[in-house]
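Asks: For reference, the file structure_6.txt (compact mmCIF, C-alpha atoms) is included below:
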```txt
# COMPACT_ATOMS: atom_id res chain seq x y z
CA MET A 1 1.21 -28.41 29.85
CA THR A 2 -2.15 -30.13 29.65
CA PHE A 3 -4.32 -30.25 26.56
CA ARG A 4 -7.44 -32.04 27.75
CA ASN A 5 -9.74 -31.22 30.60
CA THR A 6 -10.16 -33.85 33.29
CA PRO A 7 -13.29 -34.26 35.41
CA ALA A 8 -11.35 -32.46 38.16
CA ARG A 9 -9.44 -29.73 36.39
CA TRP A 10 -9.40 -27.39 33.38
CA ALA A 11 -6.59 -28.06 30.90
CA HIS A 12 -4.02 -25.33 30.30
CA VAL A 13 -5.59 -24.65 26.91
CA ALA A 14 -8.98 -23.94 28.51
CA GLN A 15 -7.29 -21.81 31.18
CA PHE A 16 -5.39 -19.84 28.54
CA LEU A 17 -8.58 -19.16 26.57
CA HIS A 18 -10.39 -18.09 29.75
CA TRP A 19 -7.74 -15.61 30.90
CA LEU A 20 -6.98 -14.30 27.43
CA ILE A 21 -10.66 -13.46 27.01
CA VAL A 22 -10.65 -11.81 30.46
CA VAL A 23 -7.79 -9.53 29.38
CA LEU A 24 -9.47 -8.76 26.03
CA VAL A 25 -12.86 -7.99 27.60
CA ILE A 26 -11.21 -5.57 30.05
CA THR A 27 -9.40 -4.01 27.07
CA GLN A 28 -12.77 -3.60 25.33
CA VAL A 29 -14.31 -1.77 28.29
CA ILE A 30 -11.32 0.58 28.48
CA LEU A 31 -11.26 1.27 24.71
CA ALA A 32 -15.02 1.88 24.57
CA ASN A 33 -14.92 4.31 27.48
CA ILE A 34 -11.92 6.23 26.12
CA ALA A 35 -13.54 6.42 22.67
CA GLU A 36 -16.92 7.61 23.96
CA ASP A 37 -15.31 10.56 25.75
CA LEU A 38 -13.21 11.70 22.79
CA PRO A 39 -14.43 14.44 20.43
CA LEU A 40 -15.11 13.48 16.82
CA GLY A 41 -11.76 13.01 15.16
CA MET A 42 -8.99 10.63 14.32
CA LYS A 43 -8.23 9.54 17.89
CA LYS A 44 -11.85 8.50 18.40
CA LEU A 45 -11.85 6.68 15.07
CA ALA A 46 -8.63 4.85 16.03
CA MET A 47 -10.04 3.77 19.43
CA PHE A 48 -13.21 2.41 17.87
CA ALA A 49 -11.21 0.65 15.13
CA ARG A 50 -9.21 -1.14 17.85
CA HIS A 51 -12.41 -1.88 19.78
CA LYS A 52 -13.90 -3.54 16.67
CA SER A 53 -10.75 -5.56 15.97
CA VAL A 54 -10.52 -6.81 19.56
CA GLY A 55 -14.26 -7.58 19.50
CA ILE A 56 -13.87 -9.78 16.44
CA THR A 57 -10.92 -11.49 18.14
CA ILE A 58 -13.14 -12.26 21.14
CA LEU A 59 -15.83 -13.64 18.83
CA GLY A 60 -13.27 -15.98 17.23
CA LEU A 61 -11.95 -17.07 20.62
CA ALA A 62 -15.51 -17.62 21.88
CA VAL A 63 -16.14 -20.02 18.99
CA ILE A 64 -12.91 -21.90 19.75
CA ARG A 65 -13.79 -21.98 23.41
CA LEU A 66 -17.25 -23.38 22.85
CA LEU A 67 -15.87 -26.07 20.51
CA TRP A 68 -13.27 -26.84 23.15
CA ARG A 69 -15.96 -27.20 25.79
CA TRP A 70 -17.96 -29.59 23.63
CA ALA A 71 -14.89 -31.71 22.84
CA ASN A 72 -13.75 -32.01 26.45
CA PRO A 73 -15.19 -33.16 29.74
CA THR A 74 -16.33 -30.24 31.89
CA PRO A 75 -14.86 -30.35 35.40
CA ALA A 76 -17.69 -31.16 37.80
CA LEU A 77 -18.94 -28.77 40.44
CA PRO A 78 -18.32 -29.86 44.04
CA SER A 79 -20.97 -32.34 45.21
CA THR A 80 -21.55 -30.22 48.32
CA LEU A 81 -23.28 -27.45 46.32
CA LYS A 82 -26.93 -26.74 47.04
CA PRO A 83 -29.35 -27.09 44.10
CA TYR A 84 -29.91 -23.33 43.84
CA GLU A 85 -26.14 -22.78 43.75
CA ARG A 86 -25.86 -25.23 40.84
CA VAL A 87 -28.61 -23.40 39.00
CA LEU A 88 -26.97 -20.03 39.67
CA ALA A 89 -23.59 -21.34 38.44
CA GLY A 90 -25.22 -22.75 35.32
CA VAL A 91 -27.15 -19.58 34.53
CA THR A 92 -24.08 -17.39 35.11
CA HIS A 93 -21.87 -19.49 32.86
CA PHE A 94 -24.54 -19.71 30.17
CA GLY A 95 -24.96 -15.92 30.35
CA LEU A 96 -21.22 -15.36 30.00
CA TYR A 97 -20.98 -17.60 26.93
CA LEU A 98 -24.05 -15.94 25.44
CA LEU A 99 -22.57 -12.47 25.93
CA LEU A 100 -19.21 -13.52 24.46
CA PHE A 101 -21.18 -13.99 21.25
CA ALA A 102 -23.87 -11.33 21.64
CA MET A 103 -21.52 -8.44 22.39
CA PRO A 104 -19.32 -8.83 19.27
CA LEU A 105 -22.29 -9.68 17.05
CA THR A 106 -24.37 -6.67 18.12
CA GLY A 107 -21.25 -4.50 17.79
CA TRP A 108 -20.64 -5.82 14.29
CA MET A 109 -24.30 -5.17 13.37
CA MET A 110 -23.97 -1.67 14.83
CA THR A 111 -21.01 -0.71 12.68
CA SER A 112 -22.54 -2.27 9.54
CA ALA A 113 -25.92 -0.62 10.11
CA ARG A 114 -24.15 2.70 10.64
CA GLY A 115 -22.35 2.31 7.33
CA PHE A 116 -18.88 2.11 8.85
CA PRO A 117 -17.27 -1.05 7.50
CA ALA A 118 -14.80 -2.62 9.91
CA SER A 119 -11.57 -4.52 9.50
CA TRP A 120 -9.59 -6.92 11.67
CA PHE A 121 -6.56 -4.84 12.63
CA GLY A 122 -6.31 -3.66 9.02
CA PHE A 123 -5.48 -7.17 7.77
CA PHE A 124 -8.82 -7.80 6.11
CA GLN A 125 -12.14 -6.07 5.81
CA LEU A 126 -15.14 -7.72 7.42
CA PRO A 127 -18.23 -8.28 5.30
CA ASP A 128 -21.16 -6.06 6.20
CA PHE A 129 -23.28 -8.02 8.66
CA VAL A 130 -26.46 -6.08 7.84
CA PRO A 131 -27.26 -3.38 5.29
CA LYS A 132 -27.00 0.26 6.29
CA ASN A 133 -30.09 1.22 8.27
CA ASP A 134 -30.34 4.03 10.78
CA THR A 135 -33.21 2.54 12.83
CA LEU A 136 -31.34 -0.75 13.12
CA TYR A 137 -28.19 1.11 14.12
CA LYS A 138 -29.98 2.86 16.99
CA ALA A 139 -31.58 -0.40 18.14
CA MET A 140 -28.25 -2.23 18.01
CA LYS A 141 -26.44 0.54 19.87
CA GLN A 142 -29.09 0.40 22.59
CA THR A 143 -28.77 -3.39 22.74
CA HIS A 144 -24.96 -3.31 22.79
CA ASP A 145 -24.96 -0.74 25.63
CA THR A 146 -27.57 -2.66 27.63
CA LEU A 147 -25.76 -5.97 27.15
CA ALA A 148 -22.57 -4.30 28.40
CA LEU A 149 -24.38 -3.52 31.67
CA ALA A 150 -25.66 -7.10 31.82
CA LEU A 151 -22.07 -8.28 31.27
CA TYR A 152 -20.82 -6.20 34.21
CA ALA A 153 -23.53 -7.70 36.43
CA ILE A 154 -22.84 -11.30 35.37
CA VAL A 155 -19.06 -10.86 35.67
CA PHE A 156 -19.65 -9.55 39.19
CA LEU A 157 -21.65 -12.71 40.04
CA HIS A 158 -18.99 -14.89 38.41
CA VAL A 159 -16.13 -13.31 40.36
CA ALA A 160 -18.12 -13.27 43.59
CA GLY A 161 -18.93 -16.96 43.10
CA ALA A 162 -15.29 -17.85 42.44
CA LEU A 163 -14.16 -15.98 45.55
CA LYS A 164 -16.89 -17.61 47.65
CA HIS A 165 -15.68 -21.05 46.51
CA HIS A 166 -12.10 -20.17 47.37
CA PHE A 167 -12.43 -18.32 50.64
CA MET A 168 -15.71 -19.51 52.17
CA LEU A 169 -16.34 -22.99 50.80
CA LYS A 170 -12.56 -23.59 50.59
CA ASP A 171 -12.88 -25.89 47.57
CA ASP A 172 -10.75 -25.97 44.38
CA VAL A 173 -13.22 -24.37 41.94
CA LEU A 174 -11.12 -21.21 41.58
CA ARG A 175 -7.76 -22.96 41.78
CA ARG A 176 -8.55 -25.36 38.96
CA MET A 177 -8.88 -22.40 36.57
CA LEU A 178 -5.58 -20.89 37.74
CA PRO A 179 -2.60 -21.92 35.60
CA PHE A 180 0.08 -21.69 38.29
CA THR A 181 -1.41 -23.79 41.07
CA LYS A 182 -0.35 -27.34 41.87
CA LYS A 183 -2.75 -30.15 41.07
CA PRO A 184 -4.65 -31.20 44.19
CA MET B 1 1.23 15.05 -44.47
CA VAL B 2 0.05 18.60 -44.76
CA GLY B 3 -3.37 17.34 -45.78
CA ILE B 4 -3.60 15.09 -42.70
CA ALA B 5 -2.56 17.90 -40.40
CA ARG B 6 -5.19 20.17 -41.89
CA ALA B 7 -7.86 17.48 -41.58
CA ALA B 8 -6.99 17.17 -37.88
CA GLU B 9 -7.28 20.91 -37.38
CA VAL B 10 -10.76 21.02 -38.77
CA ALA B 11 -12.04 17.87 -37.03
CA PRO B 12 -15.27 18.95 -35.35
CA VAL B 13 -15.17 19.58 -31.63
CA THR B 14 -18.44 19.05 -29.80
CA ARG B 15 -19.17 20.80 -26.55
CA TYR B 16 -20.88 18.63 -23.96
CA THR B 17 -22.32 19.47 -20.56
CA LEU B 18 -23.40 17.24 -17.71
CA ASP B 19 -26.67 15.40 -17.33
CA GLN B 20 -26.41 15.44 -13.54
CA ALA B 21 -29.37 13.15 -12.90
CA LYS B 22 -27.77 10.31 -14.84
CA SER B 23 -24.21 10.81 -13.67
CA ALA B 24 -22.24 9.61 -10.69
CA LEU B 25 -19.06 10.92 -9.13
CA GLU B 26 -17.89 8.68 -6.31
CA PHE B 27 -14.90 8.53 -4.01
CA GLN B 28 -13.40 5.84 -1.85
CA PHE B 29 -10.81 5.86 0.89
CA VAL B 30 -9.46 3.39 3.41
CA GLN B 31 -10.34 4.05 7.03
CA ALA B 32 -8.82 1.67 9.59
CA GLY B 33 -8.39 -1.03 6.97
CA ALA B 34 -11.91 -0.76 5.58
CA GLN B 35 -13.16 0.89 2.39
CA ASN B 36 -15.38 3.93 2.96
CA LYS B 37 -17.43 5.25 0.06
CA GLY B 38 -19.11 8.49 -0.74
CA LYS B 39 -20.60 10.39 -3.63
CA ILE B 40 -20.69 13.96 -4.85
CA SER B 41 -24.06 15.19 -6.02
CA ARG B 42 -23.27 18.67 -7.35
CA LEU B 43 -20.73 19.23 -10.06
CA ALA B 44 -20.44 21.00 -13.41
CA VAL B 45 -18.69 19.45 -16.39
CA THR B 46 -17.76 20.99 -19.71
CA LEU B 47 -16.13 18.72 -22.27
CA ASP B 48 -15.01 19.96 -25.67
CA PHE B 49 -14.37 16.74 -27.44
CA SER B 50 -13.27 15.39 -30.79
CA ALA B 51 -12.47 11.68 -30.92
CA ASP B 52 -10.12 12.24 -33.86
CA ASN B 53 -8.47 15.27 -32.37
CA PRO B 54 -7.85 14.81 -28.65
CA ALA B 55 -5.32 17.67 -28.76
CA ALA B 56 -8.18 20.08 -29.45
CA SER B 57 -10.28 18.56 -26.66
CA LYS B 58 -10.65 19.99 -23.22
CA LEU B 59 -12.21 18.83 -19.95
CA ASP B 60 -13.29 21.17 -17.20
CA VAL B 61 -14.90 19.99 -13.96
CA VAL B 62 -16.08 22.03 -10.99
CA VAL B 63 -17.07 20.05 -7.91
CA GLU B 64 -19.07 21.46 -5.02
CA THR B 65 -17.19 19.73 -2.21
CA GLY B 66 -19.99 20.50 0.25
CA SER B 67 -22.29 18.17 -1.67
CA LEU B 68 -20.34 15.09 -0.61
CA ASP B 69 -22.36 12.32 1.00
CA THR B 70 -21.02 9.18 2.69
CA GLY B 71 -24.39 8.29 4.22
CA ASP B 72 -23.41 9.42 7.70
CA LYS B 73 -23.73 12.98 8.96
CA GLU B 74 -20.89 12.75 11.46
CA ARG B 75 -18.51 11.38 8.84
CA ASP B 76 -19.68 13.99 6.30
CA ASP B 77 -19.23 16.84 8.77
CA THR B 78 -15.76 15.58 9.64
CA LEU B 79 -14.78 15.42 5.96
CA LYS B 80 -16.17 18.92 5.36
CA GLY B 81 -14.46 20.34 8.44
CA ALA B 82 -11.54 22.76 8.53
CA ASP B 83 -8.92 20.01 9.04
CA LEU B 84 -9.97 18.06 5.96
CA LEU B 85 -11.78 19.59 2.96
CA SER B 86 -12.48 22.91 4.70
CA VAL B 87 -15.65 23.34 2.66
CA ALA B 88 -16.58 26.70 4.19
CA LYS B 89 -13.32 28.24 2.98
CA PHE B 90 -12.87 26.21 -0.20
CA PRO B 91 -16.36 25.32 -1.47
CA GLN B 92 -15.18 24.16 -4.88
CA ALA B 93 -12.61 21.82 -6.36
CA HIS B 94 -11.66 22.57 -9.95
CA PHE B 95 -10.01 20.40 -12.58
CA THR B 96 -9.05 21.80 -15.93
CA SER B 97 -7.16 19.77 -18.51
CA THR B 98 -4.04 21.10 -20.16
CA GLN B 99 -3.68 18.22 -22.59
CA ILE B 100 -5.76 15.24 -23.66
CA THR B 101 -4.04 12.34 -25.39
CA LYS B 102 -5.24 9.05 -26.82
CA THR B 103 -4.25 5.93 -24.90
CA ALA B 104 -4.66 2.18 -25.43
CA ASN B 105 -7.90 2.17 -23.40
CA GLY B 106 -9.28 5.57 -24.21
CA TYR B 107 -7.96 8.99 -23.31
CA ASP B 108 -5.87 10.63 -20.65
CA ALA B 109 -6.56 14.16 -19.55
CA VAL B 110 -3.57 15.70 -17.83
CA GLY B 111 -4.37 18.87 -16.02
CA LYS B 112 -4.49 20.91 -12.89
CA LEU B 113 -6.64 20.04 -9.93
CA THR B 114 -7.21 22.76 -7.39
CA LEU B 115 -8.47 21.30 -4.13
CA ARG B 116 -8.50 23.06 -0.77
CA GLY B 117 -6.61 25.93 -2.38
CA VAL B 118 -3.71 23.76 -3.57
CA THR B 119 -3.09 23.16 -7.29
CA ARG B 120 -1.38 20.00 -8.50
CA ASP B 121 -1.07 18.14 -11.80
CA ILE B 122 -3.15 14.98 -11.97
CA HIS B 123 -4.14 12.45 -14.60
CA VAL B 124 -7.78 11.84 -15.38
CA PRO B 125 -7.98 8.75 -17.59
CA PHE B 126 -11.31 8.13 -19.22
CA SER B 127 -13.15 6.28 -21.93
CA PHE B 128 -15.69 8.07 -24.06
CA ARG B 129 -18.42 6.75 -26.25
CA THR B 130 -21.30 8.43 -27.95
CA ALA B 131 -24.78 7.05 -28.28
CA ASP B 132 -27.82 7.92 -30.29
CA GLU B 133 -30.76 7.87 -27.90
CA GLN B 134 -33.99 8.18 -29.87
CA GLY B 135 -32.43 10.64 -32.23
CA LYS B 136 -30.69 12.60 -29.47
CA PRO B 137 -26.93 12.28 -29.11
CA ALA B 138 -25.33 11.65 -25.75
CA GLY B 139 -21.81 10.92 -24.55
CA TYR B 140 -20.66 8.64 -21.77
CA LEU B 141 -17.43 9.43 -19.96
CA LEU B 142 -16.19 6.71 -17.60
CA GLY B 143 -13.03 6.31 -15.61
CA LYS B 144 -11.20 6.26 -12.34
CA THR B 145 -8.23 8.08 -10.90
CA THR B 146 -6.46 8.31 -7.57
CA ILE B 147 -5.46 11.45 -5.76
CA LYS B 148 -3.30 11.75 -2.68
CA ARG B 149 -5.07 13.81 -0.02
CA LEU B 150 -1.80 14.92 1.61
CA ASP B 151 -0.74 16.60 -1.66
CA PHE B 152 -3.68 18.97 -1.25
CA GLY B 153 -3.49 19.57 2.48
CA VAL B 154 -6.61 17.51 3.19
CA SER B 155 -4.59 16.45 6.20
CA GLN B 156 -4.47 19.08 8.93
CA GLY B 157 -3.85 18.29 12.58
CA ASP B 158 -4.10 14.58 13.46
CA TRP B 159 -5.21 13.76 9.92
CA LYS B 160 -1.67 14.23 8.63
CA SER B 161 -1.08 10.67 9.73
CA THR B 162 -2.10 8.04 7.19
CA GLU B 163 -2.22 5.27 9.79
CA TRP B 164 -6.02 5.40 10.23
CA VAL B 165 -7.12 7.20 7.07
CA GLY B 166 -5.17 6.36 3.93
CA ASN B 167 -3.48 8.92 1.70
CA ASP B 168 -5.04 7.52 -1.48
CA VAL B 169 -8.52 8.63 -2.40
CA SER B 170 -9.86 6.90 -5.46
CA VAL B 171 -12.31 8.89 -7.53
CA SER B 172 -14.53 7.19 -10.09
CA TYR B 173 -16.77 8.90 -12.58
CA SER B 174 -19.58 7.70 -14.74
CA LEU B 175 -20.94 10.76 -16.49
CA ARG B 176 -23.70 11.17 -19.02
CA LEU B 177 -23.00 14.19 -21.17
CA VAL B 178 -25.24 15.92 -23.66
CA PRO B 179 -24.28 18.35 -26.40
CA ALA B 180 -24.54 21.90 -25.14
CA ALA B 181 -27.22 24.11 -26.68
CA GLY B 182 -25.84 26.30 -29.45
CA HIS B 183 -23.00 23.91 -30.31
```
Represent the supplied structure as structure tokens.
Replies:
Amino acid sequence: MTFRNTPARWAHVAQFLHWLIVVLVITQVILANIAEDLPLGMKKLAMFARHKSVGITILGLAVIRLLWRWANPTPALPSTLKPYERVLAGVTHFGLYLLLFAMPLTGWMMTSARGFPASWFGFFQLPDFVPKNDTLYKAMKQTHDTLALALYAIVFLHVAGALKHHFMLKDDVLRRMLPFTKKP
Amino acid sequence: MVGIARAAEVAPVTRYTLDQAKSALEFQFVQAGAQNKGKISRLAVTLDFSADNPAASKLDVVVETGSLDTGDKERDDTLKGADLLSVAKFPQAHFTSTQITKTANGYDAVGKLTLRGVTRDIHVPFSFRTADEQGKPAGYLLGKTTIKRLDFGVSQGDWKSTEWVGNDVSVSYSLRLVPAAGH
């Protein structure tokens, strides 16, 4: 069990946060799609309530993750990377962090603007992010939906990049984020 | 003792009706751990009231359930639908007191509430004060009660479960009443 990143490898804590967020984001996509297809009723309400609770969880984890990143060294990219590959990696990672905040925050604004207060798994009620406002709701829904598409695109780039490192460049960029691989 | 009893019998009872524009009837329920609020805009209230003689007092309220408003059409339509309030079939809720007693904080009206075709006894606690507003008398009735939606069948189909929408619906009232003409 490692607690601090090294210049060569992500610590187990960072790996845990990464993969936990992966699982939660996939959960979000599934919940949102199930909910959208349901007719108005209690099942739809329950799906969206879970979607909101998981979204707030992701927001909390994103904050922890960012603090973690600031407090730890970031494992360096292989020196063999071309400049454009470094830029692409940087932009992709920045985009992912941005969306980990933007998706929950626009979702929270959506539910507040709609006048549907949300809670975190029923344990406590979230304050209203913005006052009820129908125009704002529509704008936030549009933004949330568009950002979801952007997230799919960036996740595709992220996964494709990781697989390229592993199978084509044959470096340890993917392995160092995997919890069950031996240290090089 | 006889004299006191007689004095109570003749204590004046004033009939009041609702000043709808200056009154509010609101409800609150818990949905997925969060408070949802709404208001009712159309209701009729008749209060026969004597502060000294609550036994001779009577409260009667008719609520047009279709006038509920939570600020969201989808939520309103769901609440008005057949599985919940079934407004098309039961357009009115009716409370009529059977007994009003004095309490430490004001009064308690015990009576029958008919909602969605089901009649149950409920308590409607309230405070009442009168005011002289530029020579015109008015009465203010304030209070809050809780009803259980499952008692009235506002719980058909999936809604029978209280996991996502709570059983308790709190109802608060802040009513401005004016003496009825001819009383």
Asks: Which is closer to Tyr16 in chain B than all the others in B:Leu150, B:Val165, B:Ala138, B:Leu113, using only C-alpha atoms?
Replies: B:Ala138
Asks: Residues of chain B within 12 Å of chain A, counting all atoms listed in the file - could you list those as a PyMOL selection string?
Replies: chain B and resi 29-38+69-79+81-84+155-166
Asks: Which distance in Å separates CA of Pro73 in chain A and CA of Leu169 in chain A, to one decimal?
Replies: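 Those two atoms sit 23.4 Å apart.
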Asks: Which residues are close to His51 in chain A, i.e. within 7 Å by all atoms listed in the file, leaving aside same-chain residues fewer than 5 positions away? Reply as a PDB file with C-alpha atoms, keeping the file's coordinate frame.
Replies:
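Wrote it out as part_3.pdb, contents follow:
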```pdb
ATOM      1  CA  GLN A  28     -12.770  -3.600  25.330  1.00  0.00           C
ATOM      2  CA  LEU A  31     -11.260   1.270  24.710  1.00  0.00           C
ATOM      3  CA  ALA A  32     -15.020   1.880  24.570  1.00  0.00           C
TER       4      ALA A  32
END
```
Asks: Return as JSON the box centre and box size in Å, one decimal, for an axis-aligned box around all listed atoms of range 29-44 of chain B padded by 3 Å per side.
Replies:
```
{"center_x": -16.2, "center_y": 10.0, "center_z": -1.9, "size_x": 21.7, "size_y": 28.0, "size_z": 29.0}
```
Asks: Go through B:Lys58, B:Thr119, B:Leu68, B:Gln28 and flag the residue nearest Leu43 in chain B, using all atoms listed in the file for the distances.
Replies: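 Residue with the minimum atom-to-atom distance to Leu43 in chain B: B:Leu68.
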Asks: For Ala93 in chain B, work out the shell of residues within 12 Å, counting all atoms listed in the file and skipping chain neighbours fewer than 5 positions away, then give it as a VMD selection string.
Replies: chain B and resid 40 42 to 45 60 to 68 85 to 87 112 to 120 152
Asks: Please determine, counting all atoms listed in the file, which residue among A:Asn72, A:Asn5, A:Asn33, A:Thr92 has the shortest atom-to-atom distance to Ala160 in chain A.
Replies: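 Of A:Asn72, A:Asn5, A:Asn33, A:Thr92, the one nearest Ala160 in chain A, counting all atoms listed in the file, is A:Thr92.
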Asks: Please measure the separation of CA of Thr101 in chain B and CA of Gln20 in chain B, giving the value in Å to one decimal.
Replies: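 Distance reported for this atom pair: 25.5 Å.
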Asks: Calculate how many Å separate CA of Ala109 in chain B from CA of His123 in chain B, rounding to one decimal.
Replies: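 Distance between the two atoms: 5.8 Å.
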Asks: Using the atoms already present, construct N, CA and C atoms for range 144-169 of chain B and hand them back as a PDB file, in the frame of the given file.
Replies:
```pdb
ATOM      1  N   LYS B 144     -11.555   6.299 -13.758  1.00  0.00           N
ATOM      2  CA  LYS B 144     -11.200   6.260 -12.340  1.00  0.00           C
ATOM      3  C   LYS B 144      -9.782   6.789 -12.191  1.00  0.00           C
ATOM      4  N   THR B 145      -9.579   7.587 -11.174  1.00  0.00           N
ATOM      5  CA  THR B 145      -8.230   8.080 -10.900  1.00  0.00           C
ATOM      6  C   THR B 145      -8.009   8.061  -9.393  1.00  0.00           C
ATOM      7  N   THR B 146      -6.776   8.289  -8.998  1.00  0.00           N
ATOM      8  CA  THR B 146      -6.460   8.310  -7.570  1.00  0.00           C
ATOM      9  C   THR B 146      -5.740   9.605  -7.253  1.00  0.00           C
ATOM     10  N   ILE B 147      -6.188  10.265  -6.198  1.00  0.00           N
ATOM     11  CA  ILE B 147      -5.460  11.450  -5.760  1.00  0.00           C
ATOM     12  C   ILE B 147      -4.958  11.215  -4.338  1.00  0.00           C
ATOM     13  N   LYS B 148      -3.882  11.898  -4.013  1.00  0.00           N
ATOM     14  CA  LYS B 148      -3.300  11.750  -2.680  1.00  0.00           C
ATOM     15  C   LYS B 148      -3.722  12.964  -1.852  1.00  0.00           C
ATOM     16  N   ARG B 149      -4.483  12.689  -0.778  1.00  0.00           N
ATOM     17  CA  ARG B 149      -5.070  13.810  -0.020  1.00  0.00           C
ATOM     18  C   ARG B 149      -3.997  14.705   0.606  1.00  0.00           C
ATOM     19  N   LEU B 150      -2.833  14.109   0.979  1.00  0.00           N
ATOM     20  CA  LEU B 150      -1.800  14.920   1.610  1.00  0.00           C
ATOM     21  C   LEU B 150      -1.207  15.959   0.651  1.00  0.00           C
ATOM     22  N   ASP B 151      -1.240  15.645  -0.664  1.00  0.00           N
ATOM     23  CA  ASP B 151      -0.740  16.600  -1.660  1.00  0.00           C
ATOM     24  C   ASP B 151      -1.535  17.897  -1.641  1.00  0.00           C
ATOM     25  N   PHE B 152      -2.790  17.802  -1.194  1.00  0.00           N
ATOM     26  CA  PHE B 152      -3.680  18.970  -1.250  1.00  0.00           C
ATOM     27  C   PHE B 152      -3.964  19.563   0.132  1.00  0.00           C
ATOM     28  N   GLY B 153      -3.280  19.037   1.129  1.00  0.00           N
ATOM     29  CA  GLY B 153      -3.490  19.570   2.480  1.00  0.00           C
ATOM     30  C   GLY B 153      -4.812  19.148   3.109  1.00  0.00           C
ATOM     31  N   VAL B 154      -5.393  18.048   2.571  1.00  0.00           N
ATOM     32  CA  VAL B 154      -6.610  17.510   3.190  1.00  0.00           C
ATOM     33  C   VAL B 154      -6.121  16.592   4.316  1.00  0.00           C
ATOM     34  N   SER B 155      -5.403  17.224   5.254  1.00  0.00           N
ATOM     35  CA  SER B 155      -4.590  16.450   6.200  1.00  0.00           C
ATOM     36  C   SER B 155      -4.077  17.322   7.331  1.00  0.00           C
ATOM     37  N   GLN B 156      -4.943  18.202   7.855  1.00  0.00           N
ATOM     38  CA  GLN B 156      -4.470  19.080   8.930  1.00  0.00           C
ATOM     39  C   GLN B 156      -4.575  18.362  10.278  1.00  0.00           C
ATOM     40  N   GLY B 157      -3.806  18.838  11.222  1.00  0.00           N
ATOM     41  CA  GLY B 157      -3.850  18.290  12.580  1.00  0.00           C
ATOM     42  C   GLY B 157      -3.517  16.804  12.590  1.00  0.00           C
ATOM     43  N   ASP B 158      -4.330  16.035  13.343  1.00  0.00           N
ATOM     44  CA  ASP B 158      -4.100  14.580  13.460  1.00  0.00           C
ATOM     45  C   ASP B 158      -4.170  13.881  12.111  1.00  0.00           C
ATOM     46  N   TRP B 159      -4.943  14.454  11.199  1.00  0.00           N
ATOM     47  CA  TRP B 159      -5.210  13.760   9.920  1.00  0.00           C
ATOM     48  C   TRP B 159      -3.989  13.671   9.020  1.00  0.00           C
ATOM     49  N   LYS B 160      -2.897  14.325   9.408  1.00  0.00           N
ATOM     50  CA  LYS B 160      -1.670  14.230   8.630  1.00  0.00           C
ATOM     51  C   LYS B 160      -1.175  12.788   8.603  1.00  0.00           C
ATOM     52  N   SER B 161      -1.462  12.074   9.677  1.00  0.00           N
ATOM     53  CA  SER B 161      -1.080  10.670   9.730  1.00  0.00           C
ATOM     54  C   SER B 161      -1.949   9.865   8.765  1.00  0.00           C
ATOM     55  N   THR B 162      -1.317   8.895   8.093  1.00  0.00           N
ATOM     56  CA  THR B 162      -2.100   8.040   7.190  1.00  0.00           C
ATOM     57  C   THR B 162      -2.340   6.663   7.825  1.00  0.00           C
ATOM     58  N   GLU B 163      -2.053   6.564   9.120  1.00  0.00           N
ATOM     59  CA  GLU B 163      -2.220   5.270   9.790  1.00  0.00           C
ATOM     60  C   GLU B 163      -3.687   4.835   9.829  1.00  0.00           C
ATOM     61  N   TRP B 164      -4.603   5.761  10.082  1.00  0.00           N
ATOM     62  CA  TRP B 164      -6.020   5.400  10.230  1.00  0.00           C
ATOM     63  C   TRP B 164      -6.861   5.802   9.041  1.00  0.00           C
ATOM     64  N   VAL B 165      -6.435   6.833   8.308  1.00  0.00           N
ATOM     65  CA  VAL B 165      -7.120   7.200   7.070  1.00  0.00           C
ATOM     66  C   VAL B 165      -6.063   7.303   5.979  1.00  0.00           C
ATOM     67  N   GLY B 166      -6.195   6.471   4.961  1.00  0.00           N
ATOM     68  CA  GLY B 166      -5.170   6.360   3.930  1.00  0.00           C
ATOM     69  C   GLY B 166      -4.967   7.645   3.140  1.00  0.00           C
ATOM     70  N   ASN B 167      -3.802   7.750   2.516  1.00  0.00           N
ATOM     71  CA  ASN B 167      -3.480   8.920   1.700  1.00  0.00           C
ATOM     72  C   ASN B 167      -4.237   8.865   0.369  1.00  0.00           C
ATOM     73  N   ASP B 168      -4.401   7.664  -0.167  1.00  0.00           N
ATOM     74  CA  ASP B 168      -5.040   7.520  -1.480  1.00  0.00           C
ATOM     75  C   ASP B 168      -6.555   7.666  -1.406  1.00  0.00           C
ATOM     76  N   VAL B 169      -7.080   8.513  -2.254  1.00  0.00           N
ATOM     77  CA  VAL B 169      -8.520   8.630  -2.400  1.00  0.00           C
ATOM     78  C   VAL B 169      -8.832   8.299  -3.852  1.00  0.00           C
TER      79      VAL B 169
END
```
